[in-house]
>>> print(open('run_28.tsv').read())   # TSV, C-alpha atoms and all ligand atoms
chain	number	residue	atom	x	y	z
V	30	MET	CA	-24.89	-2.01	-0.76
V	31	ALA	CA	-22.05	-3.21	1.45
V	32	VAL	CA	-20.37	-0.75	3.79
V	33	PRO	CA	-16.93	0.52	2.75
V	34	VAL	CA	-13.91	-1.40	4.00
V	35	LEU	CA	-10.83	0.06	5.65
V	36	PHE	CA	-7.57	-1.90	5.84
V	37	ARG	CA	-5.01	-1.21	8.56
V	38	HIS	CA	-2.37	-3.11	10.52
V	39	PRO	CA	-0.45	-2.42	13.73
V	40	SER	CA	2.85	-3.21	11.97
V	41	SER	CA	2.61	0.31	10.49
V	42	LEU	CA	3.72	1.54	13.94
V	43	GLU	CA	6.80	-0.70	13.99
V	44	HIS	CA	8.52	0.94	11.00
V	45	ASP	CA	10.77	3.08	13.23
V	46	THR	CA	12.20	6.06	11.37
V	47	GLY	CA	13.22	8.10	14.43
V	48	ALA	CA	13.16	11.88	14.00
V	49	HIS	CA	11.73	11.82	10.51
V	50	PRO	CA	8.62	13.50	9.08
V	51	GLU	CA	7.34	10.10	7.92
V	52	ASN	CA	6.84	8.55	11.36
V	53	ALA	CA	4.37	6.39	13.26
V	54	ARG	CA	2.55	9.39	14.72
V	55	ARG	CA	0.95	9.88	11.29
V	56	ILE	CA	-0.97	6.62	11.60
V	57	VAL	CA	-1.74	7.24	15.29
V	58	ALA	CA	-3.25	10.64	14.41
V	59	ILE	CA	-5.31	9.28	11.51
V	60	GLU	CA	-6.62	6.33	13.50
V	61	ARG	CA	-7.46	8.50	16.50
V	62	ALA	CA	-9.45	10.89	14.31
V	63	LEU	CA	-11.27	8.01	12.65
V	64	SER	CA	-11.99	6.17	15.90
V	65	GLU	CA	-13.43	9.37	17.40
V	66	ARG	CA	-15.90	9.25	14.51
V	67	ASP	CA	-16.57	5.53	15.04
V	68	TRP	CA	-14.50	4.84	11.89
V	69	LEU	CA	-17.31	6.47	9.88
V	70	GLY	CA	-19.20	3.19	10.14
V	71	TRP	CA	-16.68	1.48	7.84
V	72	ASP	CA	-15.81	-2.21	8.17
V	73	VAL	CA	-12.30	-2.07	9.66
V	74	ARG	CA	-10.08	-5.07	8.87
V	75	ARG	CA	-6.48	-6.11	9.52
V	76	SER	CA	-4.45	-6.18	6.34
V	77	PRO	CA	-2.76	-9.44	5.44
V	78	ALA	CA	0.92	-9.42	4.50
V	79	ALA	CA	1.37	-9.36	0.74
V	80	THR	CA	2.97	-12.53	-0.56
V	81	ARG	CA	6.35	-12.48	-2.30
V	82	GLU	CA	4.56	-13.48	-5.46
V	83	GLN	CA	2.22	-10.46	-5.28
V	84	ILE	CA	5.08	-8.02	-4.64
V	85	GLY	CA	7.24	-9.87	-7.16
V	86	ARG	CA	4.89	-8.96	-10.00
V	87	VAL	CA	6.15	-5.39	-9.61
V	88	HIS	CA	9.55	-5.65	-7.90
V	89	PRO	CA	12.42	-8.09	-8.64
V	90	ALA	CA	13.15	-10.67	-5.92
V	91	GLN	CA	16.53	-9.07	-5.20
V	92	HIS	CA	14.79	-5.82	-4.24
V	93	ILE	CA	12.57	-7.63	-1.73
V	94	ASP	CA	15.55	-9.61	-0.38
V	95	ARG	CA	17.71	-6.50	0.02
V	96	ILE	CA	15.10	-4.79	2.19
V	97	GLU	CA	14.46	-7.92	4.21
V	98	ASP	CA	18.19	-8.44	4.81
V	99	LEU	CA	18.76	-4.84	5.89
V	100	CYS	CA	15.84	-5.04	8.36
V	101	ARG	CA	17.06	-8.37	9.72
V	102	ARG	CA	20.53	-6.90	10.30
V	103	GLY	CA	18.99	-4.18	12.47
V	104	GLY	CA	18.09	-1.64	9.81
V	105	GLY	CA	19.89	1.34	8.31
V	106	MET	CA	19.82	4.04	5.68
V	107	ILE	CA	18.88	3.25	2.08
V	108	ASP	CA	19.31	6.81	0.86
V	109	MET	CA	19.37	10.25	2.49
V	110	ASP	CA	15.59	10.20	3.07
V	111	THR	CA	14.80	6.52	3.34
V	112	LEU	CA	15.65	4.22	6.20
V	113	VAL	CA	14.48	0.96	7.72
V	114	SER	CA	14.34	-0.56	11.22
V	115	PRO	CA	13.87	-4.21	12.23
V	116	GLY	CA	10.07	-3.77	12.03
V	117	SER	CA	10.04	-2.14	8.61
V	118	PHE	CA	9.89	-5.28	6.51
V	119	ALA	CA	6.67	-6.51	8.16
V	120	ALA	CA	5.22	-3.00	7.91
V	121	ALA	CA	6.04	-2.88	4.20
V	122	LEU	CA	4.55	-6.34	3.58
V	123	HIS	CA	1.29	-5.31	5.23
V	124	ALA	CA	1.25	-1.94	3.44
V	125	ALA	CA	1.40	-3.77	0.12
V	126	GLY	CA	-0.98	-6.43	1.45
V	127	GLY	CA	-3.52	-3.79	2.41
V	128	ALA	CA	-3.60	-2.54	-1.16
V	129	VAL	CA	-3.96	-6.11	-2.47
V	130	ALA	CA	-6.74	-6.97	0.00
V	131	MET	CA	-8.50	-3.70	-0.85
V	132	VAL	CA	-8.50	-4.66	-4.53
V	133	ASP	CA	-9.82	-8.13	-3.64
V	134	VAL	CA	-12.73	-6.58	-1.75
V	135	LEU	CA	-13.48	-4.11	-4.55
V	136	LEU	CA	-13.22	-6.53	-7.46
V	137	GLY	CA	-13.99	-9.95	-6.13
V	138	GLY	CA	-14.35	-10.21	-2.39
V	139	ALA	CA	-17.52	-9.87	-0.36
V	140	GLY	CA	-20.22	-9.28	-2.92
V	141	ALA	CA	-18.32	-11.11	-5.65
V	142	GLY	CA	-19.35	-10.21	-9.12
V	143	ALA	CA	-18.52	-6.80	-7.79
V	144	GLY	CA	-19.04	-3.64	-9.66
V	145	ASN	CA	-22.73	-4.18	-10.33
V	146	GLY	CA	-24.22	-6.25	-7.52
V	147	SER	CA	-26.32	-4.34	-5.06
V	148	ASP	CA	-24.16	-5.63	-2.19
V	149	ALA	CA	-20.88	-4.82	-3.92
V	150	VAL	CA	-18.30	-2.82	-1.99
V	151	ARG	CA	-17.93	0.45	-3.89
V	152	ALA	CA	-15.27	2.12	-1.75
V	153	ALA	CA	-12.31	0.96	0.31
V	154	ALA	CA	-9.10	2.35	1.73
V	155	SER	CA	-5.69	1.07	2.76
V	156	LEU	CA	-4.10	3.27	5.43
V	157	HIS	CA	-0.55	2.20	6.10
V	158	ARG	CA	3.03	3.30	6.23
V	159	PRO	CA	5.59	3.22	4.69
V	160	PRO	CA	4.05	4.95	1.68
V	161	GLY	CA	4.84	3.60	-1.78
V	162	HIS	CA	4.60	5.88	-4.81
V	163	HIS	CA	8.31	6.80	-4.98
V	164	ALA	CA	9.50	3.16	-4.95
V	165	GLU	CA	10.73	2.12	-8.38
V	166	ARG	CA	10.98	-1.49	-9.50
V	167	ALA	CA	14.43	-2.04	-8.05
V	168	ARG	CA	14.94	1.02	-5.90
V	169	ALA	CA	13.51	2.14	-2.56
V	170	MET	CA	13.50	5.93	-2.22
V	171	GLY	CA	11.58	8.92	-0.88
V	172	PHE	CA	10.38	7.13	2.32
V	173	CYS	CA	8.97	4.31	0.12
V	174	LEU	CA	10.00	0.63	0.03
V	175	PHE	CA	7.40	-1.15	-2.14
V	176	GLY	CA	5.01	0.45	-4.63
V	177	ASN	CA	1.81	-0.30	-2.74
V	178	VAL	CA	-0.66	1.21	-5.20
V	179	ALA	CA	1.23	-0.30	-8.16
V	180	ILE	CA	1.11	-3.73	-6.52
V	181	GLY	CA	-2.63	-3.26	-6.00
V	182	ALA	CA	-3.17	-2.26	-9.63
V	183	GLN	CA	-1.09	-5.20	-10.88
V	184	HIS	CA	-3.10	-7.52	-8.64
V	185	ALA	CA	-6.33	-6.20	-10.14
V	186	ILE	CA	-5.04	-7.14	-13.59
V	187	ASP	CA	-3.48	-10.51	-12.72
V	188	ALA	CA	-5.94	-11.86	-10.16
V	189	HIS	CA	-9.21	-10.25	-11.25
V	190	GLY	CA	-8.81	-9.83	-14.99
V	191	ALA	CA	-9.12	-6.05	-14.86
V	192	ARG	CA	-8.39	-4.78	-18.36
V	193	ARG	CA	-7.72	-1.18	-17.39
V	194	VAL	CA	-6.88	0.50	-14.08
V	195	LEU	CA	-6.68	4.25	-13.58
V	196	ILE	CA	-4.43	5.52	-10.78
V	197	PHE	CA	-4.83	9.16	-9.81
V	198	ASP	CA	-2.00	10.40	-7.59
V	199	TRP	CA	-2.75	13.69	-5.82
V	200	ASP	CA	0.27	13.59	-3.48
V	201	VAL	CA	2.19	16.89	-3.78
V	202	HIS	CA	5.27	14.98	-4.94
V	203	HIS	CA	5.44	13.25	-8.29
V	204	GLY	CA	4.82	9.50	-8.00
V	205	ASN	CA	7.96	8.64	-9.93
V	206	GLY	CA	7.83	4.98	-8.92
V	207	THR	CA	4.30	4.33	-10.18
V	208	ASN	CA	5.11	6.44	-13.24
V	209	ALA	CA	8.16	4.31	-14.06
V	210	ILE	CA	6.54	0.94	-13.35
V	211	PHE	CA	3.71	1.49	-15.85
V	212	HIS	CA	5.55	3.81	-18.25
V	213	GLU	CA	5.41	1.51	-21.28
V	214	ARG	CA	1.96	0.00	-20.68
V	215	ASP	CA	-1.55	0.96	-21.67
V	216	ASP	CA	-3.40	-1.22	-19.14
V	217	VAL	CA	-2.69	1.25	-16.35
V	218	LEU	CA	-3.36	4.95	-16.89
V	219	PHE	CA	-1.26	6.89	-14.39
V	220	VAL	CA	-2.31	10.48	-13.76
V	221	SER	CA	-0.43	12.70	-11.32
V	222	THR	CA	-0.90	16.22	-10.02
V	223	HIS	CA	2.20	17.45	-8.22
V	224	GLN	CA	4.08	20.60	-7.33
V	225	SER	CA	6.93	21.44	-9.69
V	226	PRO	CA	9.74	22.07	-9.08
V	227	LEU	CA	9.90	19.76	-6.07
V	228	TYR	CA	11.33	16.38	-5.03
V	229	PRO	CA	11.94	14.04	-6.84
V	230	GLY	CA	12.20	16.32	-9.89
V	231	THR	CA	10.42	13.95	-12.29
V	232	GLY	CA	6.97	14.25	-13.91
V	233	PRO	CA	7.20	17.10	-16.41
V	234	ALA	CA	4.14	17.64	-18.59
V	235	SER	CA	6.19	16.27	-21.50
V	236	ASP	CA	6.45	12.82	-19.86
V	237	ILE	CA	3.50	11.01	-21.43
V	238	GLY	CA	4.76	7.42	-21.34
V	239	ARG	CA	6.59	5.44	-23.99
V	240	GLY	CA	6.01	2.74	-26.60
V	241	ALA	CA	2.68	1.00	-26.00
V	242	GLY	CA	2.30	3.31	-23.00
V	243	GLU	CA	2.51	6.55	-24.95
V	244	GLY	CA	-0.37	8.75	-23.82
V	245	PHE	CA	-1.08	6.54	-20.80
V	246	THR	CA	1.08	8.55	-18.41
V	247	VAL	CA	-0.39	11.97	-17.71
V	248	ASN	CA	1.64	14.43	-15.68
V	249	LEU	CA	-0.02	17.61	-14.43
V	250	PRO	CA	2.65	19.70	-12.70
V	251	VAL	CA	1.42	22.77	-10.82
V	252	PRO	CA	3.42	25.64	-9.33
V	253	GLY	CA	4.03	26.08	-5.61
V	254	GLY	CA	1.22	28.09	-4.05
V	255	SER	CA	-1.48	26.23	-6.01
V	256	GLY	CA	-4.61	25.69	-3.95
V	257	ASP	CA	-8.10	24.24	-4.17
V	258	ALA	CA	-9.05	26.04	-7.39
V	259	VAL	CA	-6.10	24.64	-9.36
V	260	PHE	CA	-6.29	21.11	-7.98
V	261	LEU	CA	-10.09	20.83	-8.27
V	262	SER	CA	-9.98	22.22	-11.80
V	263	HIS	CA	-7.47	19.57	-12.85
V	264	VAL	CA	-9.67	16.85	-11.36
V	265	GLU	CA	-12.91	18.13	-12.91
V	266	HIS	CA	-11.58	19.16	-16.30
V	267	VAL	CA	-8.72	16.72	-16.92
V	268	VAL	CA	-8.87	13.66	-14.67
V	269	ARG	CA	-12.63	13.09	-15.00
V	270	PRO	CA	-12.71	13.36	-18.82
V	271	LEU	CA	-9.65	11.07	-18.96
V	272	ALA	CA	-11.50	8.53	-16.83
V	273	ARG	CA	-14.53	8.71	-19.13
V	274	GLY	CA	-12.32	8.23	-22.18
V	275	TYR	CA	-10.31	5.38	-20.66
V	276	ALA	CA	-13.27	3.51	-19.07
V	277	PRO	CA	-11.24	1.70	-16.39
V	278	ASP	CA	-12.49	-1.30	-14.43
V	279	LEU	CA	-11.10	0.19	-11.22
V	280	LEU	CA	-10.19	3.66	-9.94
V	281	LEU	CA	-7.34	3.94	-7.45
V	282	LEU	CA	-6.33	7.06	-5.54
V	283	SER	CA	-2.71	7.40	-4.53
V	284	ALA	CA	-3.69	9.79	-1.78
V	285	GLY	CA	-1.04	11.97	-0.17
V	286	TYR	CA	-2.05	14.96	1.92
V	287	ASP	CA	1.14	16.99	1.64
V	288	ALA	CA	-0.40	19.46	-0.82
V	289	HIS	CA	-2.24	20.77	2.26
V	290	ALA	CA	-1.63	24.41	3.12
V	291	ASP	CA	-0.34	23.40	6.57
V	292	ASP	CA	2.10	20.77	5.33
V	293	PRO	CA	5.77	21.53	6.09
V	294	LEU	CA	7.29	19.60	3.15
V	295	ALA	CA	5.84	21.52	0.21
V	296	GLY	CA	4.30	24.82	-0.80
V	297	CYS	CA	0.79	24.13	-2.05
V	298	ARG	CA	-2.35	25.55	-0.45
V	299	VAL	CA	-5.01	22.84	-0.60
V	300	THR	CA	-7.52	22.90	2.29
V	301	ASP	CA	-9.46	20.12	4.02
V	302	ALA	CA	-12.42	21.11	1.85
V	303	GLY	CA	-10.24	20.89	-1.26
V	304	PHE	CA	-9.32	17.29	-0.48
V	305	ALA	CA	-12.96	16.49	0.27
V	306	GLY	CA	-13.91	18.10	-3.05
V	307	MET	CA	-11.37	16.08	-5.04
V	308	ALA	CA	-12.60	12.91	-3.33
V	309	ALA	CA	-16.23	13.81	-4.08
V	310	LEU	CA	-15.40	14.35	-7.75
V	311	MET	CA	-13.67	10.96	-7.90
V	312	ARG	CA	-16.63	9.30	-6.11
V	313	ALA	CA	-18.96	10.83	-8.69
V	314	THR	CA	-16.67	9.62	-11.49
V	315	ALA	CA	-16.61	6.07	-10.15
V	316	ASP	CA	-20.41	6.07	-9.87
V	317	GLU	CA	-20.78	7.43	-13.39
V	318	LEU	CA	-18.53	4.64	-14.71
V	319	GLY	CA	-20.06	2.00	-12.44
V	320	VAL	CA	-16.69	0.97	-11.03
V	321	PRO	CA	-15.29	0.78	-7.49
V	322	LEU	CA	-12.92	3.31	-5.94
V	323	GLY	CA	-9.97	2.50	-3.68
V	324	LEU	CA	-7.72	4.86	-1.74
V	325	VAL	CA	-4.12	4.10	-0.77
V	326	LEU	CA	-2.38	6.45	1.70
V	327	GLU	CA	0.83	8.12	0.53
V	328	GLY	CA	2.35	11.23	2.23
V	329	GLY	CA	1.08	14.02	4.47
V	330	TYR	CA	3.16	15.28	7.37
V	331	GLU	CA	1.17	17.85	9.36
V	332	LEU	CA	-0.68	15.59	11.73
V	333	ALA	CA	-3.83	17.66	12.31
V	334	ALA	CA	-4.26	18.53	8.63
V	335	LEU	CA	-3.49	14.94	7.63
V	336	SER	CA	-5.99	13.34	9.98
V	337	ARG	CA	-8.77	15.84	9.24
V	338	SER	CA	-8.27	15.51	5.50
V	339	VAL	CA	-8.20	11.70	5.59
V	340	VAL	CA	-11.51	11.72	7.47
V	341	ALA	CA	-12.99	14.21	4.98
V	342	THR	CA	-11.90	12.19	1.94
V	343	LEU	CA	-13.10	8.87	3.36
V	344	GLU	CA	-16.47	10.47	4.14
V	345	ALA	CA	-16.70	11.60	0.53
V	346	ILE	CA	-15.66	8.35	-1.14
V	347	GLY	CA	-17.78	6.25	1.23
V	348	SER	CA	-20.96	8.27	0.94
V	349	VAL	CA	-24.04	6.36	-0.14
V	350	GLN	CA	-25.40	9.18	-2.24
V	351	ALA	CA	-22.75	10.65	-4.48
V	352	PRO	CA	-21.85	13.85	-2.67
V	353	ALA	CA	-22.84	17.14	-4.23
V	354	VAL	CA	-20.25	18.00	-6.82
V	355	PRO	CA	-19.41	21.67	-6.84
V	356	ALA	CA	-19.21	23.59	-10.09
V	357	VAL	CA	-15.51	23.94	-10.82
V	358	LYS	CA	-14.14	26.71	-13.03
V	359	LEU	CA	-11.68	25.87	-15.77
V	360	ASP	CA	-8.28	27.05	-14.59
V	361	PRO	CA	-5.86	28.26	-17.32
V	362	LEU	CA	-3.39	25.53	-16.32
V	363	ALA	CA	-6.04	22.82	-16.70
V	364	LEU	CA	-7.03	24.29	-20.07
V	365	ARG	CA	-3.41	24.03	-21.24
V	366	ALA	CA	-3.34	20.40	-20.09
V	367	GLN	CA	-6.53	19.70	-22.06
V	368	GLU	CA	-4.99	21.21	-25.19
V	369	ARG	CA	-1.73	19.32	-24.72
V	370	LEU	CA	-3.45	15.96	-24.24
V	371	ALA	CA	-6.32	16.27	-26.70
V	372	GLY	CA	-4.41	14.41	-29.43
V	373	TYR	CA	-4.33	11.31	-27.25
V	374	TRP	CA	-7.64	11.87	-25.48
V	375	PRO	CA	-10.45	13.26	-27.64
V	376	ALA	CA	-12.65	13.21	-24.51
V	377	LEU	CA	-10.69	16.30	-23.41
V	378	THR	CA	-11.93	18.50	-26.23
V	401	ZN	ZN	4.53	13.43	-0.96
>>> encode(input="run_28.tsv", output="structure tokens")
Amino acid sequence: MAVPVLFRHPSSLEHDTGAHPENARRIVAIERALSERDWLGWDVRRSPAATREQIGRVHPAQHIDRIEDLCRRGGGMIDMDTLVSPGSFAAALHAAGGAVAMVDVLLGGAGAGAGNGSDAVRAAASLHRPPGHHAERARAMGFCLFGNVAIGAQHAIDAHGARRVLIFDWDVHHGNGTNAIFHERDDVLFVSTHQSPLYPGTGPASDIGRGAGEGFTVNLPVPGGSGDAVFLSHVEHVVRPLARGYAPDLLLLSAGYDAHADDPLAGCRVTDAGFAGMAALMRATADELGVPLGLVLEGGYELAALSRSVVATLEAIGSVQAPAVPAVKLDPLALRAQERLAGYWPALT
């Protein structure tokens, strides 16, 4: 079995946001923590820049041009939370490119015929900034310019013939961009746990997708103060049965770490061990389904908690033996989600 692959690029440090919680020190802290652990033995690679064609399968050309123009003119504000500097465009291209390259490795790269071959890469990660899950088709917002995980999922479908991709977003904020991009489609199942109420205000439980996508958007809002028990219960008792019912060709994690108890931007109480537990459950799910698992970095703003939790989750998803999966109690909130979704997903009953 091939070692897991980690994608990074120094351009992540050149997206200069000044005094902003989403700043280059996040990547510095993560990479320092990983390098102190010899990168966990992972194969560390430089991400290519995504091509315009790859990004253009999710975002209109005018959206790409607008960001490039603003960066070329020296940068500026896009909205109250989102800004760019001259280096941001290259950073954003590589952030999307990391997700694309990760999908290539998981579905068709080294160890092609992936998924079953003994030398197939089963786990990979793309650790970049800016993050992506708030970016809508034609709108940058919430620190995000391009929808990195969405571009990766679309690439899996277009370039590798994936029939179904499941994206699980455990960032504390709702991934409104990913949600909107795949809202009317059934070839991507988007599942999100997020604190509610909280920015950006989208993702109520009643938002289940539309048209052909009805039932293929699953929103799992949780109240502020929710910790490991609530998050792990949603993963064990909702996300895992959904994955079994959907049978995706690829599992993607839209992995933010701002649900951490130490994070300053939200009010959830997840610990390092909670993130490791969620990752272990997703590793076990991928193994059960015989499909690869990729992680794309989203938010997370307390540097020590962020770097520790990234290390813990990569250890879990990269482990050779599926890590021990703890018994997880059924939380009342997860039970309500099961009941609500059972009409679409019999696997939940
Ligand atoms: Zn977030």
>>> closest_residue(input="run_28.tsv", among="V:Leu271, V:Leu195, V:Met170, V:Ala31", to="ligand ZN 401 (chain V)", atoms="all atoms listed in the file")
V:Met170
>>> closest_residue(input="run_28.tsv", among="V:Ala53, V:Val259, V:Val134, V:Ala309", to="Ala154 (chain V)", atoms="only C-alpha atoms")
V:Val134
>>> residues_around(input="run_28.tsv", residues="region 57-74 of chain V", least_positions_apart="2", cutoff="12 Å", atoms="only C-alpha atoms", output="ChimeraX atom specification")
/V:31-43,52-55,76-77,123,126-127,130-131,134,139,150-158,286,326,329-349
>>> residues_near_ligand(input="run_28.tsv", ligand="ligand ZN 401 (chain V)", cutoff="12 Å", atoms="only C-alpha atoms and all ligand atoms", output="CSV table (one decimal) with C-alpha atoms, keeping the file's coordinate frame")
chain,number,residue,atom,x,y,z
V,50,PRO,CA,8.6,13.5,9.1
V,51,GLU,CA,7.3,10.1,7.9
V,159,PRO,CA,5.6,3.2,4.7
V,160,PRO,CA,4.0,5.0,1.7
V,161,GLY,CA,4.8,3.6,-1.8
V,162,HIS,CA,4.6,5.9,-4.8
V,163,HIS,CA,8.3,6.8,-5.0
V,170,MET,CA,13.5,5.9,-2.2
V,171,GLY,CA,11.6,8.9,-0.9
V,172,PHE,CA,10.4,7.1,2.3
V,173,CYS,CA,9.0,4.3,0.1
V,198,ASP,CA,-2.0,10.4,-7.6
V,199,TRP,CA,-2.8,13.7,-5.8
V,200,ASP,CA,0.3,13.6,-3.5
V,201,VAL,CA,2.2,16.9,-3.8
V,202,HIS,CA,5.3,15.0,-4.9
V,203,HIS,CA,5.4,13.2,-8.3
V,204,GLY,CA,4.8,9.5,-8.0
V,205,ASN,CA,8.0,8.6,-9.9
V,221,SER,CA,-0.4,12.7,-11.3
V,222,THR,CA,-0.9,16.2,-10.0
V,223,HIS,CA,2.2,17.4,-8.2
V,224,GLN,CA,4.1,20.6,-7.3
V,227,LEU,CA,9.9,19.8,-6.1
V,228,TYR,CA,11.3,16.4,-5.0
V,229,PRO,CA,11.9,14.0,-6.8
V,283,SER,CA,-2.7,7.4,-4.5
V,284,ALA,CA,-3.7,9.8,-1.8
V,285,GLY,CA,-1.0,12.0,-0.2
V,286,TYR,CA,-2.0,15.0,1.9
V,287,ASP,CA,1.1,17.0,1.6
V,288,ALA,CA,-0.4,19.5,-0.8
V,289,HIS,CA,-2.2,20.8,2.3
V,292,ASP,CA,2.1,20.8,5.3
V,293,PRO,CA,5.8,21.5,6.1
V,294,LEU,CA,7.3,19.6,3.2
V,295,ALA,CA,5.8,21.5,0.2
V,296,GLY,CA,4.3,24.8,-0.8
V,297,CYS,CA,0.8,24.1,-2.0
V,326,LEU,CA,-2.4,6.4,1.7
V,327,GLU,CA,0.8,8.1,0.5
V,328,GLY,CA,2.4,11.2,2.2
V,329,GLY,CA,1.1,14.0,4.5
V,330,TYR,CA,3.2,15.3,7.4
V,331,GLU,CA,1.2,17.8,9.4
V,335,LEU,CA,-3.5,14.9,7.6
>>> atom_distance(input="run_28.tsv", atom1="CA of Asn177 (chain V)", atom2="CA of Gly104 (chain V)")
20.6 Å
>>> closest_residue(input="run_28.tsv", among="V:Val113, V:Ala164, V:Leu281, V:Ala363", to="Phe260 (chain V)", atoms="all atoms listed in the file")
V:Ala363
>>> atom_distance(input="run_28.tsv", atom1="CA of Leu136 (chain V)", atom2="CA of Leu322 (chain V)")
10.0 Å
>>> closest_residue(input="run_28.tsv", among="V:Ala191, V:Leu112, V:Val357, V:Ile93", to="Glu165 (chain V)", atoms="only C-alpha atoms")
V:Ile93
>>> residues_around(input="run_28.tsv", residues="Glu317 (chain V)", least_positions_apart="2", cutoff="12 Å", atoms="all atoms listed in the file", output="list in words")
Gly144, Arg269, Pro270, Ala272, Arg273, Ala276, Pro277, Leu280, Leu310, Met311, Arg312, Ala313, Thr314, Ala315, Gly319, Val320, Pro321, Leu322 and Ala351 of chain V
>>> closest_residue(input="run_28.tsv", among="V:Ala149, V:Gly244, V:Asp98, V:Gly190", to="Gly372 (chain V)", atoms="only C-alpha atoms")
V:Gly244
>>> atom_distance(input="run_28.tsv", atom1="CA of Asn248 (chain V)", atom2="CA of Asp360 (chain V)")
16.1 Å
>>> closest_residue(input="run_28.tsv", among="V:Phe304, V:Phe211, V:Phe175, V:Phe197", to="Gly256 (chain V)", atoms="only C-alpha atoms")
V:Phe304
>>> residues_around(input="run_28.tsv", residues="His92 (chain V)", least_positions_apart="3", cutoff="8 Å", atoms="all atoms listed in the file", output="number ranges by chain")
V: 88-89, 95-96, 166-168
>>> residues_near_point(input="run_28.tsv", point="(-14.6, 19.5, -9.6)", cutoff="10 Å", atoms="only C-alpha atoms", output="VMD selection string")
chain V and resid 257 to 269 303 306 to 311 313 354 to 359
>>> residues_near_point(input="run_28.tsv", point="(-0.4, -9.9, -8.1)", cutoff="10 Å", atoms="all atoms listed in the file", output="list in words")
Ala79, Thr80, Arg81, Glu82, Gln83, Ile84, Gly85, Arg86, Val87, Val129, Ala179, Ile180, Gly181, Ala182, Gln183, His184, Ala185, Ile186, Asp187, Ala188 and His189 of chain V
>>> build_atoms(input="run_28.tsv", residues="region 330-346 of chain V", atoms="N, CA and C atoms", output="mmCIF file, in the coordinates of the input")
data_model
loop_
_atom_site.group_PDB
_atom_site.id
_atom_site.type_symbol
_atom_site.label_atom_id
_atom_site.label_comp_id
_atom_site.auth_asym_id
_atom_site.auth_seq_id
_atom_site.Cartn_x
_atom_site.Cartn_y
_atom_site.Cartn_z
ATOM 1 N N TYR V 330 2.235 15.237 6.229
ATOM 2 C CA TYR V 330 3.160 15.280 7.370
ATOM 3 C C TYR V 330 2.754 16.250 8.476
ATOM 4 N N GLU V 331 1.671 17.001 8.285
ATOM 5 C CA GLU V 331 1.170 17.850 9.360
ATOM 6 C C GLU V 331 -0.001 17.080 9.970
ATOM 7 N N LEU V 332 0.198 16.636 11.216
ATOM 8 C CA LEU V 332 -0.680 15.590 11.730
ATOM 9 C C LEU V 332 -2.143 15.990 11.789
ATOM 10 N N ALA V 333 -2.425 17.231 12.204
ATOM 11 C CA ALA V 333 -3.830 17.660 12.310
ATOM 12 C C ALA V 333 -4.457 17.760 10.926
ATOM 13 N N ALA V 334 -3.741 18.382 10.000
ATOM 14 C CA ALA V 334 -4.260 18.530 8.630
ATOM 15 C C ALA V 334 -4.439 17.156 7.987
ATOM 16 N N LEU V 335 -3.453 16.293 8.207
ATOM 17 C CA LEU V 335 -3.490 14.940 7.630
ATOM 18 C C LEU V 335 -4.718 14.180 8.129
ATOM 19 N N SER V 336 -4.905 14.165 9.446
ATOM 20 C CA SER V 336 -5.990 13.340 9.980
ATOM 21 C C SER V 336 -7.351 13.916 9.600
ATOM 22 N N ARG V 337 -7.489 15.238 9.649
ATOM 23 C CA ARG V 337 -8.770 15.840 9.240
ATOM 24 C C ARG V 337 -9.071 15.553 7.762
ATOM 25 N N SER V 338 -8.043 15.673 6.942
ATOM 26 C CA SER V 338 -8.270 15.510 5.500
ATOM 27 C C SER V 338 -8.530 14.053 5.123
ATOM 28 N N VAL V 339 -7.894 13.116 5.841
ATOM 29 C CA VAL V 339 -8.200 11.700 5.590
ATOM 30 C C VAL V 339 -9.659 11.432 5.930
ATOM 31 N N VAL V 340 -10.108 11.921 7.086
ATOM 32 C CA VAL V 340 -11.510 11.720 7.470
ATOM 33 C C VAL V 340 -12.435 12.314 6.405
ATOM 34 N N ALA V 341 -12.113 13.533 5.957
ATOM 35 C CA ALA V 341 -12.990 14.210 4.980
ATOM 36 C C ALA V 341 -13.039 13.438 3.656
ATOM 37 N N THR V 342 -11.897 12.902 3.216
ATOM 38 C CA THR V 342 -11.900 12.190 1.940
ATOM 39 C C THR V 342 -12.601 10.833 2.066
ATOM 40 N N LEU V 343 -12.409 10.160 3.201
ATOM 41 C CA LEU V 343 -13.100 8.870 3.360
ATOM 42 C C LEU V 343 -14.609 9.091 3.433
ATOM 43 N N GLU V 344 -15.036 10.157 4.107
ATOM 44 C CA GLU V 344 -16.470 10.470 4.140
ATOM 45 C C GLU V 344 -17.008 10.642 2.723
ATOM 46 N N ALA V 345 -16.238 11.332 1.900
ATOM 47 C CA ALA V 345 -16.700 11.600 0.530
ATOM 48 C C ALA V 345 -16.735 10.329 -0.315
ATOM 49 N N ILE V 346 -15.668 9.523 -0.251
ATOM 50 C CA ILE V 346 -15.660 8.350 -1.140
ATOM 51 C C ILE V 346 -16.593 7.249 -0.636
#
